[in-house]
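Here is the file final32.cif (mmCIF, C-alpha atoms and all ligand atoms).
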data_my_file
loop_
_atom_site.group_PDB
_atom_site.id
_atom_site.type_symbol
_atom_site.label_atom_id
_atom_site.label_comp_id
_atom_site.auth_asym_id
_atom_site.auth_seq_id
_atom_site.Cartn_x
_atom_site.Cartn_y
_atom_site.Cartn_z
ATOM 1 C CA MET A 1 82.522 208.256 108.059
ATOM 2 C CA ASP A 2 85.840 209.960 108.864
ATOM 3 C CA GLY A 3 86.520 212.499 111.598
ATOM 4 C CA ARG A 4 85.706 215.546 109.443
ATOM 5 C CA GLU A 5 82.450 214.133 108.144
ATOM 6 C CA HIS A 6 81.568 213.232 111.703
ATOM 7 C CA TYR A 7 82.231 216.788 112.842
ATOM 8 C CA THR A 8 79.984 218.188 110.092
ATOM 9 C CA PHE A 9 77.341 215.673 111.053
ATOM 10 C CA ILE A 10 77.563 216.686 114.720
ATOM 11 C CA LEU A 11 77.119 220.355 113.784
ATOM 12 C CA ILE A 12 74.065 219.582 111.658
ATOM 13 C CA SER A 13 72.620 217.196 114.194
ATOM 14 C CA ALA A 14 73.055 219.746 116.963
ATOM 15 C CA LEU A 15 71.317 222.511 115.030
ATOM 16 C CA LEU A 16 68.519 220.725 113.138
ATOM 17 C CA PRO A 17 66.708 219.430 116.252
ATOM 18 C CA LEU A 18 66.703 223.007 117.580
ATOM 19 C CA PHE A 19 64.845 224.205 114.478
ATOM 20 C CA GLY A 20 62.577 221.181 114.807
ATOM 21 C CA VAL A 21 61.748 222.030 118.407
ATOM 22 C CA ALA A 22 61.149 225.673 117.454
ATOM 23 C CA ALA A 23 58.761 224.531 114.695
ATOM 24 C CA ALA A 24 57.047 222.126 117.089
ATOM 25 C CA VAL A 25 56.586 224.857 119.691
ATOM 26 C CA VAL A 26 54.979 227.120 117.071
ATOM 27 C CA LEU A 27 52.665 224.274 116.018
ATOM 28 C CA LEU A 28 51.881 223.458 119.636
ATOM 29 C CA TRP A 29 51.050 227.112 120.193
ATOM 30 C CA ASN A 30 48.530 226.829 117.387
ATOM 31 C CA ARG A 31 47.229 223.548 118.823
ATOM 32 C CA LEU A 32 48.523 221.556 115.913
ATOM 33 C CA VAL A 33 49.972 218.711 117.932
ATOM 34 C CA GLY A 34 47.652 215.764 117.897
ATOM 35 C CA PRO A 35 47.561 212.541 119.870
ATOM 36 C CA ALA A 36 49.056 210.766 116.841
ATOM 37 C CA ASP A 37 52.168 212.994 117.057
ATOM 38 C CA LEU A 38 52.638 212.140 120.714
ATOM 39 C CA ILE A 39 52.224 208.413 120.037
ATOM 40 C CA VAL A 40 54.805 208.603 117.237
ATOM 41 C CA PHE A 41 57.118 210.589 119.515
ATOM 42 C CA GLY A 42 56.755 207.923 122.235
ATOM 43 C CA ILE A 43 57.434 205.016 119.877
ATOM 44 C CA MET A 44 60.523 206.673 118.388
ATOM 45 C CA TYR A 45 61.770 207.738 121.827
ATOM 46 C CA VAL A 46 61.652 204.148 123.047
ATOM 47 C CA ILE A 47 63.371 202.790 119.892
ATOM 48 C CA ALA A 48 66.196 205.344 120.031
ATOM 49 C CA GLY A 49 66.505 205.221 123.817
ATOM 50 C CA LEU A 50 66.800 201.449 123.969
ATOM 51 C CA GLY A 51 69.093 201.553 120.929
ATOM 52 C CA VAL A 52 71.558 203.740 122.823
ATOM 53 C CA SER A 53 71.117 202.231 126.278
ATOM 54 C CA THR A 54 70.663 198.501 125.636
ATOM 55 C CA GLY A 55 72.383 198.463 122.234
ATOM 56 C CA TYR A 56 75.282 200.896 121.925
ATOM 57 C CA HIS A 57 76.058 201.091 125.640
ATOM 58 C CA ARG A 58 75.452 197.744 127.338
ATOM 59 C CA LEU A 59 75.687 195.340 124.381
ATOM 60 C CA LEU A 60 78.406 196.951 122.240
ATOM 61 C CA ALA A 61 80.528 199.121 124.553
ATOM 62 C CA HIS A 62 80.490 196.893 127.668
ATOM 63 C CA ARG A 63 79.537 193.447 126.339
ATOM 64 C CA ALA A 64 77.149 193.075 129.281
ATOM 65 C CA PHE A 65 75.270 190.328 127.440
ATOM 66 C CA LYS A 66 75.287 188.397 124.197
ATOM 67 C CA THR A 67 72.418 188.107 121.791
ATOM 68 C CA THR A 68 71.526 186.755 118.375
ATOM 69 C CA ARG A 69 72.889 188.396 115.236
ATOM 70 C CA PRO A 70 69.496 189.805 114.111
ATOM 71 C CA LEU A 71 68.929 191.360 117.549
ATOM 72 C CA ARG A 72 72.467 192.761 117.660
ATOM 73 C CA ILE A 73 71.829 194.367 114.266
ATOM 74 C CA PHE A 74 68.435 195.621 115.471
ATOM 75 C CA PHE A 75 69.835 197.218 118.645
ATOM 76 C CA ALA A 76 72.786 198.812 116.847
ATOM 77 C CA SER A 77 70.479 200.137 114.102
ATOM 78 C CA ALA A 78 68.123 201.568 116.738
ATOM 79 C CA GLY A 79 71.158 203.202 118.378
ATOM 80 C CA ALA A 80 72.159 204.744 115.042
ATOM 81 C CA VAL A 81 68.612 206.114 114.663
ATOM 82 C CA ALA A 82 69.255 208.132 117.847
ATOM 83 C CA GLY A 83 71.758 210.191 115.852
ATOM 84 C CA GLN A 84 74.596 210.264 118.400
ATOM 85 C CA GLY A 85 77.205 208.934 116.002
ATOM 86 C CA PRO A 86 78.164 205.667 114.290
ATOM 87 C CA PRO A 87 78.715 202.691 116.619
ATOM 88 C CA VAL A 88 82.507 202.574 116.056
ATOM 89 C CA ILE A 89 82.922 206.225 117.074
ATOM 90 C CA TRP A 90 80.394 206.106 119.948
ATOM 91 C CA VAL A 91 81.920 202.985 121.495
ATOM 92 C CA ALA A 92 85.490 204.290 121.111
ATOM 93 C CA HIS A 93 84.686 207.573 122.902
ATOM 94 C CA HIS A 94 82.721 205.749 125.572
ATOM 95 C CA ARG A 95 85.366 203.170 126.438
ATOM 96 C CA ARG A 96 87.925 205.948 126.606
ATOM 97 C CA HIS A 97 85.601 207.812 129.017
ATOM 98 C CA HIS A 98 85.628 204.800 131.351
ATOM 99 C CA ARG A 99 89.379 204.292 131.165
ATOM 100 C CA VAL A 100 90.229 207.818 132.304
ATOM 101 C CA ALA A 101 86.919 209.069 133.715
ATOM 102 C CA ASP A 102 87.236 212.605 135.124
ATOM 103 C CA LYS A 103 90.965 212.617 134.483
ATOM 104 C CA PRO A 104 93.009 214.120 131.625
ATOM 105 C CA GLY A 105 92.029 212.417 128.375
ATOM 106 C CA ASP A 106 88.360 211.887 129.305
ATOM 107 C CA PRO A 107 86.358 213.075 126.250
ATOM 108 C CA HIS A 108 83.502 214.474 128.351
ATOM 109 C CA SER A 109 84.348 215.142 131.981
ATOM 110 C CA PRO A 110 82.751 218.166 133.672
ATOM 111 C CA TYR A 111 86.092 218.565 135.477
ATOM 112 C CA SER A 112 88.191 219.000 132.351
ATOM 113 C CA ASP A 113 88.687 222.674 133.148
ATOM 114 C CA GLU A 114 90.045 223.450 136.578
ATOM 115 C CA GLU A 115 88.881 227.050 136.597
ATOM 116 C CA PRO A 116 87.506 227.745 140.089
ATOM 117 C CA GLY A 117 84.071 229.007 141.048
ATOM 118 C CA ILE A 118 80.672 228.902 139.451
ATOM 119 C CA LYS A 119 81.988 229.992 136.031
ATOM 120 C CA GLY A 120 84.371 227.060 135.903
ATOM 121 C CA ALA A 121 81.627 224.690 137.067
ATOM 122 C CA LEU A 122 79.227 225.881 134.359
ATOM 123 C CA LYS A 123 81.963 225.665 131.717
ATOM 124 C CA GLY A 124 82.740 222.112 132.804
ATOM 125 C CA LEU A 125 79.093 221.067 132.822
ATOM 126 C CA TRP A 126 78.549 222.512 129.330
ATOM 127 C CA HIS A 127 81.656 220.718 128.056
ATOM 128 C CA ALA A 128 80.443 217.375 129.490
ATOM 129 C CA HIS A 129 76.908 217.920 128.230
ATOM 130 C CA MET A 130 77.479 218.954 124.640
ATOM 131 C CA GLY A 131 80.550 221.152 124.271
ATOM 132 C CA TRP A 132 82.858 218.153 123.800
ATOM 133 C CA LEU A 133 81.009 217.235 120.584
ATOM 134 C CA PHE A 134 82.285 220.443 118.986
ATOM 135 C CA ASP A 135 85.938 219.715 119.770
ATOM 136 C CA ARG A 136 87.444 219.261 116.320
ATOM 137 C CA GLY A 137 90.656 217.846 117.750
ATOM 138 C CA LEU A 138 88.946 215.049 119.659
ATOM 139 C CA SER A 139 89.190 211.589 118.219
ATOM 140 C CA SER A 140 89.284 208.247 119.969
ATOM 141 C CA ASP A 141 91.026 205.729 117.744
ATOM 142 C CA PRO A 142 88.633 202.801 117.120
ATOM 143 C CA MET A 143 91.635 200.549 116.387
ATOM 144 C CA ARG A 144 92.789 201.142 119.939
ATOM 145 C CA TYR A 145 89.491 201.264 121.809
ATOM 146 C CA CYS A 146 87.134 198.971 119.937
ATOM 147 C CA PRO A 147 88.855 196.568 117.528
ATOM 148 C CA ASP A 148 86.040 194.104 118.296
ATOM 149 C CA ILE A 149 83.457 196.492 116.816
ATOM 150 C CA LEU A 150 85.693 197.135 113.801
ATOM 151 C CA ARG A 151 85.989 193.404 113.175
ATOM 152 C CA ASP A 152 82.192 193.022 113.152
ATOM 153 C CA LYS A 153 81.059 193.513 109.556
ATOM 154 C CA ASP A 154 77.489 194.359 110.584
ATOM 155 C CA MET A 155 78.783 197.162 112.819
ATOM 156 C CA ARG A 156 81.064 198.390 110.029
ATOM 157 C CA PHE A 157 78.055 198.503 107.689
ATOM 158 C CA ILE A 158 75.907 200.457 110.155
ATOM 159 C CA SER A 159 78.815 202.828 110.830
ATOM 160 C CA LYS A 160 79.440 203.402 107.116
ATOM 161 C CA TYR A 161 75.789 204.110 106.292
ATOM 162 C CA PHE A 162 75.068 205.788 109.595
ATOM 163 C CA VAL A 163 73.606 208.948 108.044
ATOM 164 C CA TRP A 164 70.961 206.833 106.281
ATOM 165 C CA PHE A 165 69.900 205.362 109.613
ATOM 166 C CA VAL A 166 69.531 208.879 111.006
ATOM 167 C CA ALA A 167 67.461 209.844 107.942
ATOM 168 C CA GLY A 168 65.377 206.727 108.596
ATOM 169 C CA GLY A 169 64.780 208.144 112.076
ATOM 170 C CA VAL A 170 62.857 210.975 110.397
ATOM 171 C CA VAL A 171 61.208 208.986 107.571
ATOM 172 C CA LEU A 172 59.909 206.220 109.858
ATOM 173 C CA PRO A 173 57.939 208.527 112.201
ATOM 174 C CA GLY A 174 56.644 210.272 109.082
ATOM 175 C CA LEU A 175 55.283 206.951 107.818
ATOM 176 C CA LEU A 176 53.886 206.184 111.262
ATOM 177 C CA GLY A 177 52.165 209.577 111.262
ATOM 178 C CA LEU A 178 50.734 208.812 107.814
ATOM 179 C CA ALA A 179 49.491 205.403 108.954
ATOM 180 C CA LEU A 180 47.857 206.832 112.075
ATOM 181 C CA THR A 181 46.192 209.872 110.521
ATOM 182 C CA GLY A 182 45.932 208.998 106.840
ATOM 183 C CA THR A 183 46.943 212.532 105.927
ATOM 184 C CA LEU A 184 50.081 214.058 104.476
ATOM 185 C CA PHE A 185 49.989 216.718 107.173
ATOM 186 C CA GLY A 186 49.973 213.934 109.786
ATOM 187 C CA ALA A 187 53.050 212.491 108.087
ATOM 188 C CA MET A 188 54.812 215.842 108.321
ATOM 189 C CA THR A 189 54.022 216.484 111.968
ATOM 190 C CA GLY A 190 54.871 212.830 112.737
ATOM 191 C CA ALA A 191 58.324 213.347 111.200
ATOM 192 C CA LEU A 192 58.716 216.569 113.162
ATOM 193 C CA TRP A 193 57.755 215.116 116.549
ATOM 194 C CA GLY A 194 59.078 211.579 116.141
ATOM 195 C CA GLY A 195 62.172 212.808 114.288
ATOM 196 C CA PHE A 196 63.518 216.240 115.209
ATOM 197 C CA VAL A 197 61.866 216.851 118.570
ATOM 198 C CA ARG A 198 62.719 213.299 119.605
ATOM 199 C CA PHE A 199 66.407 213.780 118.554
ATOM 200 C CA PHE A 200 66.480 216.843 120.764
ATOM 201 C CA VAL A 201 64.825 215.360 123.857
ATOM 202 C CA ALA A 202 66.430 211.894 123.739
ATOM 203 C CA ASN A 203 69.929 213.190 123.077
ATOM 204 C CA HIS A 204 69.788 215.750 125.868
ATOM 205 C CA ILE A 205 68.818 212.971 128.273
ATOM 206 C CA THR A 206 71.938 211.031 127.198
ATOM 207 C CA TYR A 207 74.066 214.183 127.485
ATOM 208 C CA ALA A 208 72.618 214.813 130.973
ATOM 209 C CA VAL A 209 73.938 211.430 132.138
ATOM 210 C CA ASN A 210 77.420 212.612 131.125
ATOM 211 C CA SER A 211 77.126 216.065 132.699
ATOM 212 C CA ILE A 212 74.751 215.798 135.693
ATOM 213 C CA GLY A 213 75.694 212.126 136.240
ATOM 214 C CA HIS A 214 79.256 213.180 137.044
ATOM 215 C CA TYR A 215 78.312 216.162 139.159
ATOM 216 C CA PHE A 216 75.072 216.032 141.156
ATOM 217 C CA GLY A 217 73.676 213.032 142.963
ATOM 218 C CA ARG A 218 74.604 210.262 145.353
ATOM 219 C CA ARG A 219 77.514 207.889 145.307
ATOM 220 C CA ARG A 220 77.198 204.365 146.651
ATOM 221 C CA PHE A 221 80.487 202.941 145.471
ATOM 222 C CA ALA A 222 84.129 203.874 145.573
ATOM 223 C CA THR A 223 85.104 204.641 142.011
ATOM 224 C CA PRO A 224 88.142 206.604 140.829
ATOM 225 C CA ASP A 225 85.851 209.199 139.245
ATOM 226 C CA GLU A 226 82.963 211.487 140.179
ATOM 227 C CA SER A 227 80.115 209.376 138.803
ATOM 228 C CA ARG A 228 76.794 209.712 140.634
ATOM 229 C CA ASN A 229 73.368 208.102 140.800
ATOM 230 C CA VAL A 230 70.652 210.490 139.638
ATOM 231 C CA GLY A 231 67.288 208.933 140.500
ATOM 232 C CA TRP A 232 65.018 211.433 138.743
ATOM 233 C CA LEU A 233 66.808 210.812 135.448
ATOM 234 C CA ALA A 234 66.453 207.015 135.638
ATOM 235 C CA LEU A 235 63.068 206.568 133.935
ATOM 236 C CA PHE A 236 63.720 208.617 130.808
ATOM 237 C CA SER A 237 67.333 207.433 130.449
ATOM 238 C CA PHE A 238 66.186 203.778 130.581
ATOM 239 C CA GLY A 239 68.267 203.184 133.708
ATOM 240 C CA GLU A 240 71.470 204.858 132.520
ATOM 241 C CA ALA A 241 71.294 207.450 135.285
ATOM 242 C CA TRP A 242 72.450 204.941 137.967
ATOM 243 C CA HIS A 243 75.801 206.130 136.786
ATOM 244 C CA ASN A 244 77.851 205.596 139.949
ATOM 245 C CA ASN A 245 76.656 201.981 140.006
ATOM 246 C CA HIS A 246 77.651 201.740 136.346
ATOM 247 C CA HIS A 247 81.163 203.145 136.833
ATOM 248 C CA ALA A 248 81.653 200.819 139.798
ATOM 249 C CA PHE A 249 80.650 197.763 137.743
ATOM 250 C CA PRO A 250 80.821 198.787 134.067
ATOM 251 C CA ARG A 251 80.136 195.324 132.714
ATOM 252 C CA SER A 252 76.989 194.754 134.745
ATOM 253 C CA ALA A 253 73.915 194.349 132.521
ATOM 254 C CA SER A 254 71.889 196.047 135.229
ATOM 255 C CA HIS A 255 72.736 199.604 136.293
ATOM 256 C CA GLY A 256 69.971 199.734 138.882
ATOM 257 C CA MET A 257 71.277 197.621 141.772
ATOM 258 C CA ARG A 258 68.380 197.714 144.221
ATOM 259 C CA TRP A 259 64.779 196.706 143.621
ATOM 260 C CA TYR A 260 63.702 200.350 143.743
ATOM 261 C CA GLU A 261 66.293 201.515 141.207
ATOM 262 C CA LEU A 262 64.219 201.527 138.029
ATOM 263 C CA ASP A 263 66.219 200.288 135.044
ATOM 264 C CA ILE A 264 64.111 199.615 131.950
ATOM 265 C CA SER A 265 67.106 198.553 129.897
ATOM 266 C CA ALA A 266 67.933 195.854 132.459
ATOM 267 C CA LEU A 267 64.304 194.689 132.346
ATOM 268 C CA VAL A 268 64.569 194.357 128.564
ATOM 269 C CA ILE A 269 67.778 192.325 128.852
ATOM 270 C CA ARG A 270 66.234 190.095 131.528
ATOM 271 C CA SER A 271 63.147 189.518 129.359
ATOM 272 C CA LEU A 272 65.333 188.619 126.381
ATOM 273 C CA GLU A 273 67.229 186.196 128.606
ATOM 274 C CA LYS A 274 63.972 184.529 129.683
ATOM 275 C CA LEU A 275 63.031 184.161 126.018
ATOM 276 C CA GLY A 276 66.415 182.567 125.330
ATOM 277 C CA LEU A 277 67.501 185.543 123.214
ATOM 278 C CA ALA A 278 70.163 186.886 125.587
ATOM 279 C CA THR A 279 72.978 184.853 127.099
ATOM 280 C CA ASN A 280 76.121 185.548 129.162
ATOM 281 C CA VAL A 281 74.260 188.275 131.056
ATOM 282 C CA ILE A 282 76.748 189.833 133.475
ATOM 283 C CA ARG A 283 75.502 190.072 137.060
ATOM 284 C CA ILE A 284 77.261 191.444 140.134
ATOM 285 C CA ASP A 285 76.398 189.625 143.338
ATOM 286 C CA ARG A 286 75.505 191.541 146.473
ATOM 287 C CA GLU A 287 78.721 190.548 148.260
ATOM 288 C CA ARG A 288 80.889 192.201 145.598
ATOM 289 C CA GLN A 289 78.682 195.266 145.695
ATOM 290 C CA ASP A 290 78.942 195.520 149.473
ATOM 291 C CA GLN A 291 82.732 195.286 149.387
ATOM 292 C CA LYS A 292 82.903 198.283 147.082
ATOM 293 C CA ALA A 293 80.343 200.201 149.109
ATOM 294 C CA ILE A 294 82.433 199.609 152.259
ATOM 295 C CA ALA A 295 85.533 200.923 150.456
ATOM 296 C CA TRP A 296 83.618 204.128 149.800
ATOM 297 C CA GLU A 297 82.569 204.440 153.458
ATOM 298 C CA LYS A 298 86.241 204.101 154.432
ATOM 299 C CA LEU A 299 87.130 207.014 152.155
ATOM 300 C CA GLY A 300 84.672 209.167 154.075
ATOM 301 C CA GLY A 301 81.800 208.710 151.659
ATOM 302 C CA GLY A 302 78.564 206.861 152.120
ATOM 303 C CA ARG A 303 74.961 207.894 152.332
ATOM 304 C CA HIS A 304 75.682 211.132 154.120
ATOM 305 C CA ALA A 305 78.544 212.324 151.946
ATOM 306 C CA ARG A 306 77.977 215.663 150.268
ATOM 307 C CA SER A 307 76.660 215.194 146.776
ATOM 308 C CA ASN A 308 78.737 217.997 145.360
ATOM 309 C CA PRO A 309 82.134 218.284 147.082
ATOM 310 C CA ASP A 310 84.275 221.450 146.815
ATOM 311 C CA LYS A 311 87.165 219.477 145.462
ATOM 312 C CA PRO A 312 86.212 216.544 143.257
ATOM 313 C CA LEU A 313 87.712 213.225 144.199
ATOM 314 C CA ALA A 314 89.205 212.931 140.729
ATOM 315 C CA LEU A 315 91.187 216.140 141.230
ATOM 316 C CA ARG A 316 92.230 215.354 144.794
ATOM 317 C CA SER A 317 94.320 212.516 143.521
ATOM 318 C CA ARG A 318 95.521 212.164 139.967
ATOM 319 C CA THR A 319 96.507 208.600 140.634
ATOM 320 C CA SER A 320 93.592 206.614 141.833
ATOM 321 C CA ALA A 321 93.677 205.221 145.346
ATOM 322 C CA VAL A 322 90.461 203.381 144.764
ATOM 323 C CA GLY A 323 91.469 200.736 142.324
ATOM 324 C CA ILE A 324 91.366 199.814 138.701
ATOM 325 C CA VAL A 325 87.981 199.395 137.062
ATOM 326 C CA ASP A 326 87.344 196.541 134.694
ATOM 327 C CA VAL A 327 85.807 198.436 131.776
ATOM 328 C CA GLU A 328 84.893 195.970 129.079
HETATM 329 ZN ZN ZN B 401 80.492 208.350 133.089
HETATM 330 ZN ZN ZN B 402 79.534 202.905 130.157
#

How would this structure read if it were set down as structure tokens?
Ligand SMILES: [Zn+2]
Ligand SMILES: [Zn+2]
Amino acid sequence: MDGREHYTFILISALLPLFGVAAAVVLLWNRLVGPADLIVFGIMYVIAGLGVSTGYHRLLAHRAFKTTRPLRIFFASAGAVAGQGPPVIWVAHHRRHHRVADKPGDPHSPYSDEEPGIKGALKGLWHAHMGWLFDRGLSSDPMRYCPDILRDKDMRFISKYFVWFVAGGVVLPGLLGLALTGTLFGAMTGALWGGFVRFFVANHITYAVNSIGHYFGRRRFATPDESRNVGWLALFSFGEAWHNNHHAFPRSASHGMRWYELDISALVIRSLEKLGLATNVIRIDRERQDQKAIAWEKLGGGRHARSNPDKPLALRSRTSAVGIVDVE
């Protein structure tokens, strides 16, 4: 899939879920959503969500753990089913985001536009949420950012036939709907809820980590960007919303760093490790965490720092005073 095809795909994938949601709302209005639809929605949400969080993000983009070839293929395929782009393109954009987070060159920073006031803030948040996907000029060279993914023939295969995986993300819930209800109508509403509505909901949760997760919320660690921890988004993002923790320690398999920071993706990785299916799981010990937290206190941050400063840290200093982050 080249850049132009990807752009067309993004346009279609942004619009189709909207029609799907509209159709679902009409059906819901007429009480045509059944328990089977919600079960199918839940199953597909978990597959796609873990595919993006555990697969695309932690396994592929940050190499936070290693796993067997079949599981690597499974996680990457589940990530493709989410419909956010082929693994080579997703990982390239994401690693670039970490390298220059909230600075010029970041594909999806809410601070890309320095226009002052509420209008500028809303423009920035929209850009970080979804607007960046419509930027025709944006391309992150996979040769530069993820040669490891390009070298992996399984990942090349999934990237090449990505659209078929997305189509599978509609067919599979249709089949599940058929199996659960035994009717063709059940298959159709299953495809609608587990396919299109699920694309819409799951993808907006991912987009919210990029927009809200760099704007509103608490910071525990000194990072050269504006990443924040957004507790209320943690459950449905499978732990991705502990985004300040993640930018502080990008390679960590766990983004939740306290017992009360719910991180389902980390629980999955830990379970796989116990079963002997995940190895080289990256952990950050408490001492290293505390050192970084102290650095943040010294900069005037900490628990009582304002969650939404007038002048973002990233704009206060173009050259980071906080240190280089080990991304991959
Ligand atoms: Zn980020
Ligand atoms: Zn990341």

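Taking CA of Gly194 in chain A and CA of Ala61 in chain A as endpoints, the distance between them is 26.2 Å.
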
Next item on the list: Quick one: apply the PyMOL selection byres (((chain A and resi 202) around 9) and not hetatm) to the file and drop the selected residues here as a PyMOL selection string.
Entry: chain A and resi 45+48-49+82+197-201+203-207+236-237

Within 7 Å of ligand ZN 402 (chain B) (counting only C-alpha atoms and all ligand atoms), which residues show up? I'd like them as a PDB file with C-alpha atoms, keeping the file's coordinate frame.
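As a result, out.pdb now contains:
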ATOM      1  CA  HIS A  57      76.058 201.091 125.640  1.00  0.00           C
ATOM      2  CA  ALA A  61      80.528 199.121 124.553  1.00  0.00           C
ATOM      3  CA  HIS A  62      80.490 196.893 127.668  1.00  0.00           C
ATOM      4  CA  HIS A  94      82.721 205.749 125.572  1.00  0.00           C
ATOM      5  CA  ARG A  95      85.366 203.170 126.438  1.00  0.00           C
ATOM      6  CA  HIS A  98      85.628 204.800 131.351  1.00  0.00           C
ATOM      7  CA  HIS A 246      77.651 201.740 136.346  1.00  0.00           C
ATOM      8  CA  HIS A 247      81.163 203.145 136.833  1.00  0.00           C
ATOM      9  CA  PRO A 250      80.821 198.787 134.067  1.00  0.00           C
TER      10      PRO A 250
END

Checklist line | Protein and nucleic acid residues within 7 Å of ligand ZN 401 (chain B) (only C-alpha atoms and all ligand atoms) as a ChimeraX atom specification | finding: /A:97-98,101,210,213-214,227,243,247

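CA of Arg99 in chain A is positioned 16.7 Å from CA of Ala64 in chain A.
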
Note to self: Given the PyMOL selection byres (((chain A and resi 278) around 10) and not hetatm) and the file above, list the residues it selects as a VMD selection string.
What the structure shows: chain A and resid 65 to 68 71 268 to 277 279 to 281

Just-selected residues, C-alpha atoms written as a compact mmCIF listing (two decimals), in the frame of the given file:
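Output saved as result_4.txt:
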# COMPACT_ATOMS: atom_id res chain seq x y z
CA PHE A 65 75.27 190.33 127.44
CA LYS A 66 75.29 188.40 124.20
CA THR A 67 72.42 188.11 121.79
CA THR A 68 71.53 186.76 118.38
CA LEU A 71 68.93 191.36 117.55
CA VAL A 268 64.57 194.36 128.56
CA ILE A 269 67.78 192.32 128.85
CA ARG A 270 66.23 190.10 131.53
CA SER A 271 63.15 189.52 129.36
CA LEU A 272 65.33 188.62 126.38
CA GLU A 273 67.23 186.20 128.61
CA LYS A 274 63.97 184.53 129.68
CA LEU A 275 63.03 184.16 126.02
CA GLY A 276 66.42 182.57 125.33
CA LEU A 277 67.50 185.54 123.21
CA THR A 279 72.98 184.85 127.10
CA ASN A 280 76.12 185.55 129.16
CA VAL A 281 74.26 188.28 131.06

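A cut-off of 12 Å from the point (72.6, 207.2, 105.1), with only C-alpha atoms, picks out the residues Met1, Phe9, Ser77, Ala80, Val81, Gly83, Gly85, Pro86, Phe157, Ile158, Ser159, Lys160, Tyr161, Phe162, Val163, Trp164, Phe165, Val166, Ala167, Gly168, Gly169, Val170 and Val171 of chain A.
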
Next item on the list: Would you work out the distance separating CA of Lys153 in chain A from CA of Ser139 in chain A, expressed in Å to one decimal?
Entry: 21.6 Å

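In this comparison, which uses only C-alpha atoms, the residue of A:Thr223, A:Ile89, A:Ser265, A:Phe249 approaching Met143 in chain A most closely is A:Ile89.
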
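If you apply the PyMOL selection byres (((chain A and resi 60) around 10) and not hetatm) to this structure, you end up with Val52, Ser53, Thr54, Gly55, Tyr56, His57, Arg58, Leu59, Ala61, His62, Arg63, Ala64, Phe65, Lys66, Arg72, Phe75, Ala76, Pro87, Val88, Trp90, Val91, Cys146, Asp148, Ile149, Met155 and Glu328 of chain A.
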
How big is the axis-aligned box around the listed atoms of range 262-276 of chain A once 3 Å is added on each side, and where is its centre? Give both in Å to one decimal, as AutoDock Vina command-line options.
--center_x 65.5 --center_y 192.0 --center_z 131.7 --size_x 10.9 --size_y 25.0 --size_z 18.7

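Between Val26 in chain A and the residues A:Asn244, A:Glu226, A:Gly256, A:Leu192, the shortest atom-to-atom distance, using only C-alpha atoms, involves A:Leu192.
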
Margin query: Residues near Lys292 in chain A, anyone? I mean within 9 Å using all atoms listed in the file, not counting same-chain ones fewer than 2 positions away, as a PyMOL selection string.
Written below: chain A and resi 220-223+248+287-290+294-297

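Across A:Ala253, A:Val100, A:Leu11, A:Leu172, the tightest approach to Ile43 in chain A is made by A:Leu172 when counting only C-alpha atoms.
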
Checklist line | Nearest residue to Ser254 in chain A from the set A:Val209, A:Ala266, A:Leu180, A:Leu150 (distances using all atoms listed in the file) | finding: A:Ala266
